[in-house]
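The file protein_23.cif comes next; it holds mmCIF, C-alpha atoms and all ligand atoms.
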```
data_input
loop_
_atom_site.label_atom_id
_atom_site.label_comp_id
_atom_site.auth_asym_id
_atom_site.auth_seq_id
_atom_site.Cartn_x
_atom_site.Cartn_y
_atom_site.Cartn_z
CA MET A 1 6.64 16.27 29.32
CA ASN A 2 7.96 17.38 32.72
CA LYS A 3 6.11 20.09 34.61
CA GLY A 4 8.53 22.74 35.82
CA LYS A 5 8.17 25.82 37.96
CA LYS A 6 5.26 28.22 38.11
CA LEU A 7 5.90 31.08 35.67
CA TYR A 8 2.74 33.10 36.14
CA GLU A 9 -0.52 32.93 38.09
CA GLY A 10 -3.55 34.83 36.86
CA LYS A 11 -7.14 35.04 38.08
CA ALA A 12 -8.31 31.80 36.48
CA LYS A 13 -5.17 30.07 35.23
CA ILE A 14 -1.58 29.18 36.11
CA ILE A 15 1.28 28.79 33.64
CA TYR A 16 4.12 26.31 34.33
CA SER A 17 7.37 25.81 32.44
CA THR A 18 8.27 22.48 30.83
CA ASN A 19 11.55 20.88 29.78
CA ASP A 20 10.91 22.26 26.26
CA LYS A 21 11.62 25.99 26.16
CA TYR A 22 9.01 26.51 23.45
CA LEU A 23 6.18 24.87 25.40
CA VAL A 24 4.40 25.64 28.67
CA ILE A 25 1.52 24.09 30.65
CA GLN A 26 -1.71 26.02 31.19
CA HIS A 27 -3.63 24.96 34.32
CA PHE A 28 -7.32 25.93 34.71
CA LYS A 29 -8.36 26.89 38.26
CA ASP A 30 -11.85 26.90 39.74
CA ASP A 31 -11.55 30.54 40.81
CA ALA A 32 -14.13 32.94 39.46
CA THR A 33 -13.68 36.69 39.61
CA ALA A 34 -15.73 39.60 38.34
CA PHE A 35 -15.84 43.39 38.55
CA ASN A 36 -12.08 43.62 38.61
CA ASN A 37 -11.60 41.15 41.43
CA LEU A 38 -14.24 42.76 43.68
CA LYS A 39 -16.35 39.60 43.45
CA LYS A 40 -14.49 36.34 44.01
CA SER A 41 -15.49 32.75 44.54
CA LYS A 42 -14.49 29.16 43.90
CA VAL A 43 -16.79 27.36 41.48
CA GLU A 44 -16.12 23.65 41.75
CA GLY A 45 -15.59 22.00 38.36
CA LYS A 46 -15.32 25.26 36.39
CA GLY A 47 -11.63 24.75 35.53
CA VAL A 48 -12.30 21.27 34.21
CA LEU A 49 -15.16 22.48 32.02
CA ASN A 50 -13.23 25.49 30.70
CA ASN A 51 -10.20 23.33 29.90
CA ARG A 52 -12.34 20.99 27.82
CA ILE A 53 -14.54 23.68 26.20
CA SER A 54 -11.51 25.80 25.29
CA GLU A 55 -9.73 22.75 23.85
CA TYR A 56 -12.79 22.03 21.71
CA LEU A 57 -13.14 25.60 20.45
CA LEU A 58 -9.43 26.19 19.74
CA THR A 59 -9.16 22.84 17.97
CA SER A 60 -12.20 23.70 15.83
CA LEU A 61 -10.66 27.08 14.97
CA ALA A 62 -7.33 25.41 14.09
CA GLN A 63 -9.21 23.09 11.73
CA SER A 64 -10.44 26.23 9.96
CA GLY A 65 -6.90 27.54 9.57
CA ILE A 66 -6.58 29.78 12.65
CA LYS A 67 -3.13 29.56 14.25
CA THR A 68 -3.45 28.95 18.00
CA HIS A 69 -1.16 28.24 20.94
CA PHE A 70 -2.98 24.98 21.73
CA VAL A 71 -0.92 21.79 21.39
CA LYS A 72 -2.83 19.13 23.35
CA ARG A 73 -4.83 18.56 26.50
CA LEU A 74 -2.76 16.76 29.14
CA ASN A 75 -5.41 15.99 31.74
CA MET A 76 -8.65 17.35 33.21
CA ARG A 77 -7.14 20.68 34.22
CA GLU A 78 -4.08 21.14 32.07
CA GLN A 79 -3.14 21.69 28.48
CA LEU A 80 0.18 21.92 26.71
CA ILE A 81 0.48 25.19 24.83
CA ARG A 82 3.09 27.03 22.80
CA ARG A 83 4.99 29.64 24.78
CA ALA A 84 3.92 33.03 23.55
CA GLU A 85 4.66 36.62 24.41
CA ILE A 86 1.18 37.98 25.08
CA ILE A 87 0.22 41.23 23.36
CA PRO A 88 -1.10 43.40 26.25
CA ILE A 89 -4.47 44.02 24.61
CA GLU A 90 -7.83 42.29 25.14
CA PHE A 91 -9.60 42.02 21.78
CA ILE A 92 -13.34 42.18 22.30
CA VAL A 93 -15.86 41.31 19.60
CA ARG A 94 -19.52 42.21 20.01
CA ASN A 95 -22.44 40.98 17.92
CA VAL A 96 -25.16 42.10 20.34
CA ALA A 97 -24.88 44.94 22.88
CA SER A 98 -24.37 43.78 26.46
CA GLY A 99 -22.18 44.41 29.50
CA SER A 100 -19.81 47.36 29.55
CA LEU A 101 -20.90 48.62 26.10
CA THR A 102 -24.44 49.27 27.34
CA LYS A 103 -23.10 51.14 30.37
CA ARG A 104 -20.49 53.16 28.47
CA LEU A 105 -22.63 54.25 25.51
CA GLY A 106 -26.19 53.88 26.78
CA VAL A 107 -27.06 51.32 24.09
CA ALA A 108 -29.94 49.06 25.12
CA GLU A 109 -28.97 45.54 26.25
CA GLY A 110 -29.77 43.05 23.47
CA THR A 111 -29.47 45.54 20.58
CA VAL A 112 -28.25 43.60 17.53
CA LEU A 113 -25.26 45.47 16.10
CA ASN A 114 -25.17 46.33 12.38
CA LYS A 115 -21.88 44.49 12.06
CA PRO A 116 -19.45 42.94 14.51
CA LEU A 117 -17.89 45.62 16.70
CA LEU A 118 -14.21 45.25 17.56
CA GLU A 119 -12.92 46.91 20.72
CA TYR A 120 -9.42 47.03 22.20
CA CYS A 121 -8.81 47.14 25.95
CA LEU A 122 -5.45 47.51 27.65
CA LYS A 123 -4.68 44.48 29.84
CA ASN A 124 -4.18 46.31 33.12
CA ASP A 125 -6.18 45.33 36.21
CA GLU A 126 -5.16 48.43 38.18
CA LEU A 127 -6.58 50.66 35.46
CA GLN A 128 -9.58 48.32 35.03
CA ASP A 129 -8.69 47.30 31.47
CA PRO A 130 -9.55 50.64 29.80
CA VAL A 131 -10.79 50.80 26.22
CA VAL A 132 -8.04 52.13 23.96
CA SER A 133 -7.88 53.13 20.28
CA LYS A 134 -5.59 51.79 17.58
CA GLU A 135 -3.71 55.10 17.83
CA HIS A 136 -2.91 54.32 21.48
CA ILE A 137 -1.76 50.83 20.52
CA PHE A 138 0.61 52.16 17.85
CA ASN A 139 1.78 55.16 19.86
CA PHE A 140 2.72 53.12 22.92
CA GLU A 141 4.01 50.27 20.74
CA TRP A 142 1.80 47.60 22.29
CA ALA A 143 1.55 46.13 18.78
CA THR A 144 2.51 47.22 15.27
CA LYS A 145 0.16 48.28 12.45
CA GLU A 146 0.90 45.05 10.59
CA GLU A 147 0.18 42.95 13.69
CA ILE A 148 -3.13 44.68 14.34
CA LYS A 149 -4.13 44.37 10.69
CA GLN A 150 -3.49 40.62 10.86
CA ILE A 151 -5.18 40.28 14.26
CA ASP A 152 -8.30 42.20 13.17
CA LYS A 153 -8.68 39.86 10.21
CA MET A 154 -8.14 36.75 12.36
CA THR A 155 -10.55 38.06 15.01
CA LEU A 156 -13.41 38.65 12.56
CA ARG A 157 -12.82 35.21 11.03
CA ILE A 158 -12.86 33.64 14.53
CA ASN A 159 -16.15 35.45 15.18
CA ASP A 160 -17.67 34.06 11.94
CA ILE A 161 -16.55 30.51 12.78
CA LEU A 162 -17.75 30.68 16.39
CA ILE A 163 -21.12 32.24 15.49
CA GLY A 164 -21.77 29.30 13.14
CA LEU A 165 -20.50 26.71 15.59
CA PHE A 166 -22.70 28.01 18.42
CA ARG A 167 -25.72 28.61 16.16
CA GLY A 168 -25.59 24.90 15.32
CA ILE A 169 -26.18 24.05 18.98
CA GLY A 170 -28.87 26.66 19.64
CA ILE A 171 -26.63 29.29 21.23
CA LYS A 172 -26.23 32.98 20.31
CA LEU A 173 -22.69 34.35 20.56
CA ILE A 174 -23.31 37.79 22.03
CA ASP A 175 -19.69 38.87 22.59
CA PHE A 176 -16.31 37.50 23.59
CA LYS A 177 -12.75 38.41 24.53
CA ILE A 178 -9.62 36.90 23.01
CA GLU A 179 -5.91 37.41 23.40
CA TYR A 180 -3.02 36.93 21.04
CA GLY A 181 0.65 36.20 21.52
CA LYS A 182 3.81 36.09 19.49
CA SER A 183 5.20 32.58 19.36
CA TRP A 184 8.33 31.13 17.78
CA ASN A 185 7.66 28.82 14.84
CA LYS A 186 10.58 26.36 14.93
CA ASP A 187 10.01 25.04 11.43
CA LYS A 188 9.78 28.44 9.77
CA GLY A 189 12.29 30.14 12.08
CA VAL A 190 10.00 33.13 12.59
CA ASN A 191 7.80 34.63 15.26
CA GLU A 192 4.13 34.36 14.41
CA ILE A 193 0.88 35.67 15.86
CA VAL A 194 -1.18 32.96 17.54
CA LEU A 195 -4.53 32.94 19.29
CA ALA A 196 -3.67 32.46 22.98
CA ASP A 197 -5.32 32.21 26.43
CA GLU A 198 -8.75 30.51 26.35
CA ILE A 199 -12.22 30.72 24.85
CA SER A 200 -14.87 29.53 27.30
CA PRO A 201 -18.07 30.66 29.05
CA ASP A 202 -15.70 32.73 31.25
CA THR A 203 -14.72 34.84 28.25
CA CYS A 204 -17.88 34.78 26.09
CA ARG A 205 -21.50 35.80 26.50
CA LEU A 206 -23.60 32.85 25.35
CA TRP A 207 -27.40 33.02 25.30
CA ASP A 208 -29.79 30.21 24.49
CA SER A 209 -31.13 31.07 21.00
CA LYS A 210 -34.79 30.64 21.94
CA THR A 211 -35.10 31.62 25.58
CA GLU A 212 -32.07 33.98 25.76
CA LYS A 213 -31.14 32.25 29.01
CA LYS A 214 -27.55 33.13 29.92
CA LEU A 215 -25.13 30.19 29.86
CA ASP A 216 -21.96 32.11 30.74
CA LYS A 217 -20.14 34.05 33.46
CA ASP A 218 -22.98 36.58 33.73
CA ARG A 219 -24.64 33.90 35.89
CA PHE A 220 -21.84 34.59 38.37
CA ARG A 221 -21.61 38.36 37.80
CA LYS A 222 -25.35 38.85 38.24
CA ASP A 223 -26.16 36.01 40.67
CA LEU A 224 -28.41 34.32 38.13
CA GLY A 225 -28.17 30.91 39.76
CA ASN A 226 -25.87 27.93 39.53
CA ILE A 227 -22.99 28.99 37.29
CA ILE A 228 -21.76 25.46 36.65
CA GLU A 229 -25.13 24.44 35.18
CA GLY A 230 -24.72 27.02 32.41
CA TYR A 231 -21.18 25.85 31.61
CA GLN A 232 -22.31 22.21 31.73
CA GLU A 233 -25.11 23.02 29.31
CA VAL A 234 -22.61 24.51 26.83
CA ALA A 235 -20.36 21.44 27.17
CA ARG A 236 -23.33 19.09 26.82
CA ARG A 237 -24.49 20.78 23.61
CA LEU A 238 -20.94 20.68 22.22
CA GLY A 239 -21.10 16.92 22.84
CA ILE A 240 -18.22 16.86 25.33
CA LEU A 241 -19.92 16.58 28.71
CA PRO A 242 -20.13 12.78 29.07
CA GLU A 243 -16.34 12.47 28.95
CA ILE A 244 -15.93 15.08 31.67
CA ALA A 245 -18.71 13.71 33.84
CA ASN A 246 -17.02 10.33 34.06
CA VAL A 247 -14.23 11.75 36.15
CA LYS A 248 -14.77 11.47 39.91
CA GLU A 249 -12.92 14.67 40.71
CA VAL A 250 -15.74 16.74 39.26
CA ASN A 251 -18.42 17.01 41.88
CA PHE A 252 -21.18 18.78 40.01
CA SER A 253 -24.01 19.91 42.22
CA LYS A 254 -26.72 18.11 40.25
CA PRO A 255 -25.28 14.85 38.93
CA ARG A 256 -28.77 13.71 37.99
CA SER A 257 -28.78 16.17 35.08
CA ILE A 258 -25.76 14.50 33.45
CA LYS A 259 -26.67 12.35 30.47
CA PHE A 260 -24.31 9.65 29.25
CA LYS A 261 -24.05 8.84 25.56
CA LYS A 262 -25.05 5.29 24.64
CA LYS A 263 -22.05 3.33 23.39
N1 LIG A 301 -14.29 39.72 29.01
C1 LIG A 301 -13.34 38.86 29.52
N2 LIG A 301 -12.38 39.36 30.35
C2 LIG A 301 -12.30 40.66 30.70
C3 LIG A 301 -13.28 41.55 30.19
C4 LIG A 301 -14.25 41.04 29.34
O1 LIG A 301 -13.35 37.67 29.22
O2 LIG A 301 -11.38 41.06 31.45
C5 LIG A 301 -15.34 39.22 28.11
C6 LIG A 301 -16.70 39.16 28.79
O3 LIG A 301 -16.93 37.90 29.37
C7 LIG A 301 -17.64 39.41 27.64
C8 LIG A 301 -16.85 40.31 26.69
O4 LIG A 301 -15.48 40.11 27.03
O5 LIG A 301 -17.94 38.22 26.97
C9 LIG A 301 -17.21 41.78 26.81
O6 LIG A 301 -17.11 42.16 28.16
P1 LIG A 301 -17.53 43.61 28.66
O7 LIG A 301 -16.64 44.63 28.02
O8 LIG A 301 -18.98 43.80 28.48
O9 LIG A 301 -17.09 43.63 30.16
P2 LIG A 301 -17.86 43.16 31.46
O10 LIG A 301 -18.97 44.14 31.67
O11 LIG A 301 -18.32 41.79 31.17
O12 LIG A 301 -16.77 43.20 32.47
#
```

Can you present the structure in this file as structure tokens?
Ligand code: UDP
Amino acid sequence: MNKGKKLYEGKAKIIYSTNDKYLVIQHFKDDATAFNNLKKSKVEGKGVLNNRISEYLLTSLAQSGIKTHFVKRLNMREQLIRRAEIIPIEFIVRNVASGSLTKRLGVAEGTVLNKPLLEYCLKNDELQDPVVSKEHIFNFEWATKEEIKQIDKMTLRINDILIGLFRGIGIKLIDFKIEYGKSWNKDKGVNEIVLADEISPDTCRLWDSKTEKKLDKDRFRKDLGNIIEGYQEVARRLGILPEIANVKEVNFSKPRSIKFKKK
């Protein structure tokens, strides 16, 4: 697979073309941003961890029948993905109140929600990704009723699968953001909705089940200490850290904490 020109550069990832018009390469950067780009930093090793964690989560979801853009991981920072036209909405699922919900509605942080809460935000940095209703989505034709019906169903199923997956490793899935795209299915000759982008500690709130210690990007947002340690902890519990830690490029700040699996 030949890497072609840069098609798009976002805050945490870069997309490159390939010699197959249906496939692109997604490159994970070490850049961390928060509060709409007001806080920025490089977090060494973050891209490598997110690449691997996202691969693991999207592969697990695919095994449960969720269609995703993920094809295969190419190397420590890159994955081959299906080209998709991204729907300009961030789909947010909340199981426990945190972050912007607490600020917007005055709900206490940590309140367990009666049922998963689905929110839609317009993907627009200048407008600070405002919350929008389904009526906005249909009116401005960001997605059709049928697409949103299908996406809502997929999103709640993804939430169920991820809650179980994280519960098994002692982590509470507080909330997360996902994106979807429309991608051409060569075999069927139709466009289909696929889960796109990434799922990682950059896009989820993950709390240790017992201590409620934050293992996600809130460590960066709120200066709660070494961000990479939280991400490493998630990768370690998923059973994928040893493979990452073997690669020289990743210079984690506390190598002593890395445990290798016995062969
Ligand atoms: N999120 C994200 N990208 C965004 C906005 C939110 O990945 O541009 C994730 C965030 O990490 C959290 C969830 O979506 O897991 C809900 O975020 P929230 O609305 O509370 O926004 P925040 O206060 O984190 O910006």

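When atom CA of A:Cys121 is paired with atom CA of A:Phe35, their separation reads 14.9 Å.
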
Can you tell me which residues sit at most 8 Å away from ligand LIG 301 (chain A), counting all atoms listed in the file, written as a VMD selection string?
-> chain A and resid 34 to 36 90 92 to 94 98 to 102 123 129 174 to 178 201 to 206 216 to 218

Distance query stretch 209-213 of chain A at most 6 Å, only C-alpha atoms, self and fewer than 5 positions along chain excluded, as a count of residues only | 3

Neighbour list for A:Val112 as a VMD selection string, cut-off 8 Å, all atoms listed in the file, skip fewer than 5 positions in-chain = chain A and resid 95 to 97

For A:Leu61, which of A:Asn226, A:Asn19, A:Asn159, A:Asn139 is the closest residue, counting only C-alpha atoms?
-> A:Asn159

Residue nearest A:Gly65 among A:Val24, A:Asp208, A:Leu173, A:Met154 (counting all atoms listed in the file) = A:Met154

Taking a cut-off of 12 Å and counting all atoms listed in the file, can you build a table that, for each residue of stretch 122-170 of chain A near stretch 66-70 of chain A, reports the nearest atom pair and how far apart they are in Å (one decimal), sorted by chain then residue number, as CSV?
```
residue,atom,partner,partner_atom,distance
A:Gln150,CA,A:Ile66,CA,11.4
A:Ile151,CA,A:Ile66,CA,10.7
A:Lys153,CA,A:Ile66,CA,10.6
A:Met154,CA,A:Ile66,CA,7.1
A:Thr155,CA,A:Ile66,CA,9.5
A:Leu156,CA,A:Ile66,CA,11.2
A:Arg157,CA,A:Ile66,CA,8.4
A:Ile158,CA,A:Ile66,CA,7.6
A:Asn159,CA,A:Ile66,CA,11.4
A:Asp160,CA,A:Ile66,CA,11.9
A:Ile161,CA,A:Ile66,CA,10.0
A:Leu162,CA,A:Ile66,CA,11.8
```

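In this model, the gap between atom CA of A:Ile227 and atom CA of A:Ile199 comes to 16.5 Å.
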
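Take the candidates A:Thr18, A:Leu58, A:Lys72, A:Lys6 and check each one against A:Glu198 using all atoms listed in the file; the shortest distance goes to A:Leu58.
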
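Separating atom CA of A:Lys11 from atom CA of A:Asn37 is a distance of 8.3 Å.
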
Looking at A:Glu229, A:Asp187, A:Glu109, A:Glu146, which one is nearest to A:Val43, with distances taken over only C-alpha atoms?
-> A:Glu229

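Between A:Leu23 and the candidates A:Ala196, A:Leu38, A:Leu80, A:Val48, the tightest atom-to-atom separation, counting all atoms listed in the file, involves A:Leu80.
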
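Each of A:Val234, A:Ile89, A:Leu195, A:Ile14 was checked against A:Trp142 using only C-alpha atoms; the smallest atom-to-atom distance is that of A:Ile89.
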